[in-house]
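Enquirer: Have a look at the structure that comes next, please.
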Amino acid sequence: MHYRVLGPTRALHDDGTPVALGGPRLRALLTALALRPGRAVPVGALVDEVWDGEPPADAVGAVQALVGRLRRALGRAAVASAEGGGYRLCAERDAVDLHRFDRLAGEGARALADGDAAKATALLDEALALWRGPALADLPRRLVEAARWETRRLDARRTRLTALLALGGRAEEALAELAELCAAHPLDERLQELRLRALRDAGRTAQALAAYEEVRRTLADRLGADPGPGLRALHEELLRPHPYVALGGSAAGQAPGAGPVGDRGRTAATSGAGAAGAAGASGAG
């Protein structure tokens, strides 16, 4: 059996066919158990999470009735009674999409730290594909726990975009998602820096400079602060042409972080002028 809680709560048989779960209380109970697969969850905690602080008169009996319905839906062996009270979902962590996401996201981050951007991108793509809606959508008391997982998702998206840019030649692909994320999180300097790097690597130096000014104004207006050292260092890079480009080399194929590639027109003009001068010298001889 596999369980999904990154979006509407679902249970799936091994062949992918869904289990009919019934009403919202049953889905909330399964969500609460799936958060701690293989671990006993006390009855009191289940009451708090399923009924959101408004328990029925016979809370213990209500939980027992719900567990009975859940066992009929999933199979009796899916939910075990724990010693000392409480219940346990009999499942491995990887059988729950939330915990599988956490594992894959961690492996992706470690792959990027080890310098393997391709592996990191593949792992993070697999992790993020598990999301099908808001985390823990069917759990009434979800705000704090769900916010923690949404933050984890944002971290994974940042790491994936960092890996994508590190691959080289993927800046244009990253820009649409970066624009969306930066609009949603205008004070997130790490995201803003990634967007500026993507613009630079796509050859859009002028747009990158304009975006920096927009970020600087936003930080000043909302926080009364200047951009951090990472953004300021990147801004200084954008203000000067990369030496390789200035000497007439092609910036195509440079790895992200190698410097601005927006001076291709200037490079071509310089090369053309040099060729014209050479031709003139040859004619004079």
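Lettering and numbering for the structure tokens are positional, with chains as A, B, ... in the shown order, residues counted from 1 in each chain, and ligands counted from 1 in the shown order.
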As a VMD selection string, please: every residue in stretch 105-193 of chain A that a backbone DSSP assignment puts in helix (DSSP H, G or I).

Expert: chain A and resid 105 to 113 117 to 128 143 to 167 171 to 184 189 to 193

Enquirer: Got a sec: who's within 9 Å of A:Glu92, counting only C-alpha atoms, leaving out chain neighbours fewer than 4 positions off, as a list in words?

Expert: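 In the requested form, the answer reads Pro37, Gly38 and Val96 of chain A.
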
Enquirer: Restricting the calculation to only C-alpha atoms, which member of A:Arg76, A:Arg190, A:Arg100, A:Arg141 is positioned closest to A:Leu161?

Expert: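 So, comparing all the options, the nearest one is A:Arg190.
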
Enquirer: Name all residues at most 10 Å from stretch 185-188 of chain A (count only C-alpha atoms; drop same-chain ones fewer than 3 positions away) and give them as an MDAnalysis selection string.

Expert: chainID A and resid 179:182 191:193 214:216 218:219 222:223 227

Enquirer: Rounded to one decimal place, report the atom CA of A:Ala137-atom CA of A:Thr9 distance in Å.

Expert: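 It comes out at 7.1 Å.
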
Enquirer: Set the distance at 10 Å and use only C-alpha atoms: which residues neighbour A:Ala73 once local chain neighbours fewer than 5 positions away are removed? I'd like the list as a PDB file with C-alpha atoms, in the first residue's frame.

Expert:
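What ended up in out-v4.pdb:
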```
ATOM      1  CA  ALA A  11      -4.244   5.361  -0.340  1.00  0.00           C
ATOM      2  CA  VAL A  19      -8.761   2.866  -2.076  1.00  0.00           C
ATOM      3  CA  ALA A  20     -12.170   4.359  -1.299  1.00  0.00           C
ATOM      4  CA  LEU A  21     -11.567   6.241   1.941  1.00  0.00           C
ATOM      5  CA  GLY A  22     -14.906   7.895   2.601  1.00  0.00           C
ATOM      6  CA  LEU A  26     -11.310   9.123   7.898  1.00  0.00           C
ATOM      7  CA  VAL A  67      -9.911   3.053  13.116  1.00  0.00           C
ATOM      8  CA  GLY A  68     -12.368   0.232  12.462  1.00  0.00           C
ATOM      9  CA  ALA A  78      -2.674  -1.859   7.776  1.00  0.00           C
TER      10      ALA A  78
END
```

Enquirer: Counting only C-alpha atoms, what is within 8 Å of A:Leu234, bar same-chain residues fewer than 4 positions away, as a PDB file with N, CA and C atoms, in the first residue's frame?

Expert:
```
ATOM      1  N   GLU A 193      18.884  36.067  -6.273  1.00  0.00           N
ATOM      2  CA  GLU A 193      20.229  35.885  -6.820  1.00  0.00           C
ATOM      3  C   GLU A 193      20.223  34.841  -7.934  1.00  0.00           C
ATOM      4  N   LEU A 196      18.860  36.464 -11.091  1.00  0.00           N
ATOM      5  CA  LEU A 196      19.853  37.327 -11.737  1.00  0.00           C
ATOM      6  C   LEU A 196      20.917  36.496 -12.453  1.00  0.00           C
ATOM      7  N   ARG A 197      21.328  35.403 -11.833  1.00  0.00           N
ATOM      8  CA  ARG A 197      22.322  34.538 -12.480  1.00  0.00           C
ATOM      9  C   ARG A 197      21.758  33.913 -13.752  1.00  0.00           C
ATOM     10  N   GLY A 230      25.840  38.498  -1.189  1.00  0.00           N
ATOM     11  CA  GLY A 230      25.747  37.686  -2.398  1.00  0.00           C
ATOM     12  C   GLY A 230      25.197  38.470  -3.567  1.00  0.00           C
ATOM     13  N   LEU A 238      28.001  41.913 -12.817  1.00  0.00           N
ATOM     14  CA  LEU A 238      27.177  42.319 -13.953  1.00  0.00           C
ATOM     15  C   LEU A 238      27.641  43.648 -14.549  1.00  0.00           C
TER      16      LEU A 238
END
```

Enquirer: Please provide the set of residues having any atom within 10 Å of A:Ala147, restricted to only C-alpha atoms, with same-chain residues fewer than 6 positions apart removed, written as a PDB file with N, CA, C and O atoms, in the first residue's frame.

Expert:
```
ATOM      1  N   PRO A 134      -1.518  21.193  -1.785  1.00  0.00           N
ATOM      2  CA  PRO A 134      -0.975  21.626  -0.497  1.00  0.00           C
ATOM      3  C   PRO A 134      -0.695  20.436   0.412  1.00  0.00           C
ATOM      4  O   PRO A 134      -1.443  19.458   0.422  1.00  0.00           O
ATOM      5  N   ALA A 135       0.373  20.527   1.185  1.00  0.00           N
ATOM      6  CA  ALA A 135       0.729  19.448   2.104  1.00  0.00           C
ATOM      7  C   ALA A 135      -0.352  19.265   3.170  1.00  0.00           C
ATOM      8  O   ALA A 135      -0.898  20.244   3.693  1.00  0.00           O
ATOM      9  N   LEU A 136      -0.674  18.015   3.459  1.00  0.00           N
ATOM     10  CA  LEU A 136      -1.591  17.645   4.539  1.00  0.00           C
ATOM     11  C   LEU A 136      -2.949  18.318   4.378  1.00  0.00           C
ATOM     12  O   LEU A 136      -3.560  18.777   5.337  1.00  0.00           O
ATOM     13  N   ARG A 153       9.663  22.251   0.707  1.00  0.00           N
ATOM     14  CA  ARG A 153       9.444  22.206  -0.748  1.00  0.00           C
ATOM     15  C   ARG A 153      10.141  23.375  -1.436  1.00  0.00           C
ATOM     16  O   ARG A 153      10.782  23.195  -2.484  1.00  0.00           O
TER      17      ARG A 153
END
```

Enquirer: Fewer than 3 positions away in the same chain doesn't count, so skip those; otherwise give me all residues within 9 Å of A:Gly16, counting only C-alpha atoms, as a list in words.

Expert: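 In the requested form, the answer reads Met1, His2, Leu12 and His13 of chain A.
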
Enquirer: Hey, can you spit out that residue selection with N, CA, C and O atoms as a compact mmCIF listing (two decimals), in the first residue's frame?

Expert:
```
# COMPACT_ATOMS: atom_id res chain seq x y z
N MET A 1 0.85 -1.19 0.00
CA MET A 1 0.00 0.00 0.00
C MET A 1 0.89 1.25 0.00
O MET A 1 1.94 1.28 0.63
N HIS A 2 0.45 2.26 -0.75
CA HIS A 2 1.18 3.53 -0.78
C HIS A 2 0.22 4.65 -0.37
O HIS A 2 -0.98 4.59 -0.65
N LEU A 12 -3.25 4.00 -2.07
CA LEU A 12 -3.22 3.28 -3.34
C LEU A 12 -2.70 1.87 -3.12
O LEU A 12 -1.75 1.65 -2.36
N HIS A 13 -3.33 0.92 -3.81
CA HIS A 13 -2.79 -0.43 -3.82
C HIS A 13 -1.48 -0.44 -4.61
O HIS A 13 -1.16 0.53 -5.32
```

Enquirer: Between A:Ala95, A:Thr159, A:Ala40, A:Gly84, which is the closest to A:Asp14 once you count only C-alpha atoms?

Expert: A:Ala95

Enquirer: Which residue, A:Ala45, A:Ala34, A:Leu70, A:Ala163, has the smallest gap to A:Ala109 when you use only C-alpha atoms?

Expert: A:Ala163

Enquirer: Return the single residue from A:Ala198, A:Ala210, A:Ala184, A:Ala32 that is closest to A:Leu167, with distances computed using only C-alpha atoms.

Expert: A:Ala198

Enquirer: Between A:Asp138, A:Asp155, A:Glu83, A:Asp226, single out the one closest to A:Gly108, counting only C-alpha atoms.

Expert: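 Among the listed residues, A:Asp155 lies closest to A:Gly108.
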
Enquirer: Which residue gives the smallest distance to A:Tyr3 among A:Arg157, A:Val79, A:Arg148, A:Ala91, with only C-alpha atoms counted?

Expert: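 Looking only at the distances to A:Tyr3, the closest residue turns out to be A:Ala91.
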
Enquirer: Go ahead and compute the interatomic distance for atom CA of A:Val50 and atom CA of A:Leu154, in Å to one decimal.

Expert: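 Interatomic distance here is 26.8 Å.
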
Enquirer: Please return as a PyMOL selection string: the residues of stretch 2-135 of chain A that backbone DSSP assigns to strand (DSSP E or B).

Expert: chain A and resi 2-4+6+10-12+18+40-41+79-81+87-89+96+135

Enquirer: Next, dump the selected residues to file, keeping only C-alpha atoms, as a PDB file, in the first residue's frame.

Expert:
```
ATOM      1  CA  HIS A   2       1.179   3.533  -0.785  1.00  0.00           C
ATOM      2  CA  TYR A   3      -0.042   6.755   0.831  1.00  0.00           C
ATOM      3  CA  ARG A   4      -0.255  10.316  -0.464  1.00  0.00           C
ATOM      4  CA  LEU A   6       1.164  15.943  -0.390  1.00  0.00           C
ATOM      5  CA  ARG A  10      -5.131   9.007  -0.819  1.00  0.00           C
ATOM      6  CA  ALA A  11      -4.244   5.361  -0.340  1.00  0.00           C
ATOM      7  CA  LEU A  12      -3.216   3.281  -3.344  1.00  0.00           C
ATOM      8  CA  PRO A  18      -7.069   3.920  -5.301  1.00  0.00           C
ATOM      9  CA  ALA A  40       2.506   4.584  17.643  1.00  0.00           C
ATOM     10  CA  VAL A  41       0.343   7.701  17.762  1.00  0.00           C
ATOM     11  CA  VAL A  79      -3.365  -0.282  11.195  1.00  0.00           C
ATOM     12  CA  ALA A  80      -2.067  -1.912  14.385  1.00  0.00           C
ATOM     13  CA  SER A  81      -3.054  -1.245  17.977  1.00  0.00           C
ATOM     14  CA  TYR A  87      -2.464   3.196  16.801  1.00  0.00           C
ATOM     15  CA  ARG A  88       0.267   2.675  14.243  1.00  0.00           C
ATOM     16  CA  LEU A  89       0.204   2.711  10.442  1.00  0.00           C
ATOM     17  CA  VAL A  96       4.344   7.758   2.256  1.00  0.00           C
ATOM     18  CA  ALA A 135       0.729  19.448   2.104  1.00  0.00           C
TER      19      ALA A 135
END
```

Enquirer: Rounded to one decimal place, report the atom CA of A:Asp94-atom CA of A:Leu30 distance in Å.

Expert: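 Between atom CA of A:Asp94 and atom CA of A:Leu30 the gap is 15.7 Å.
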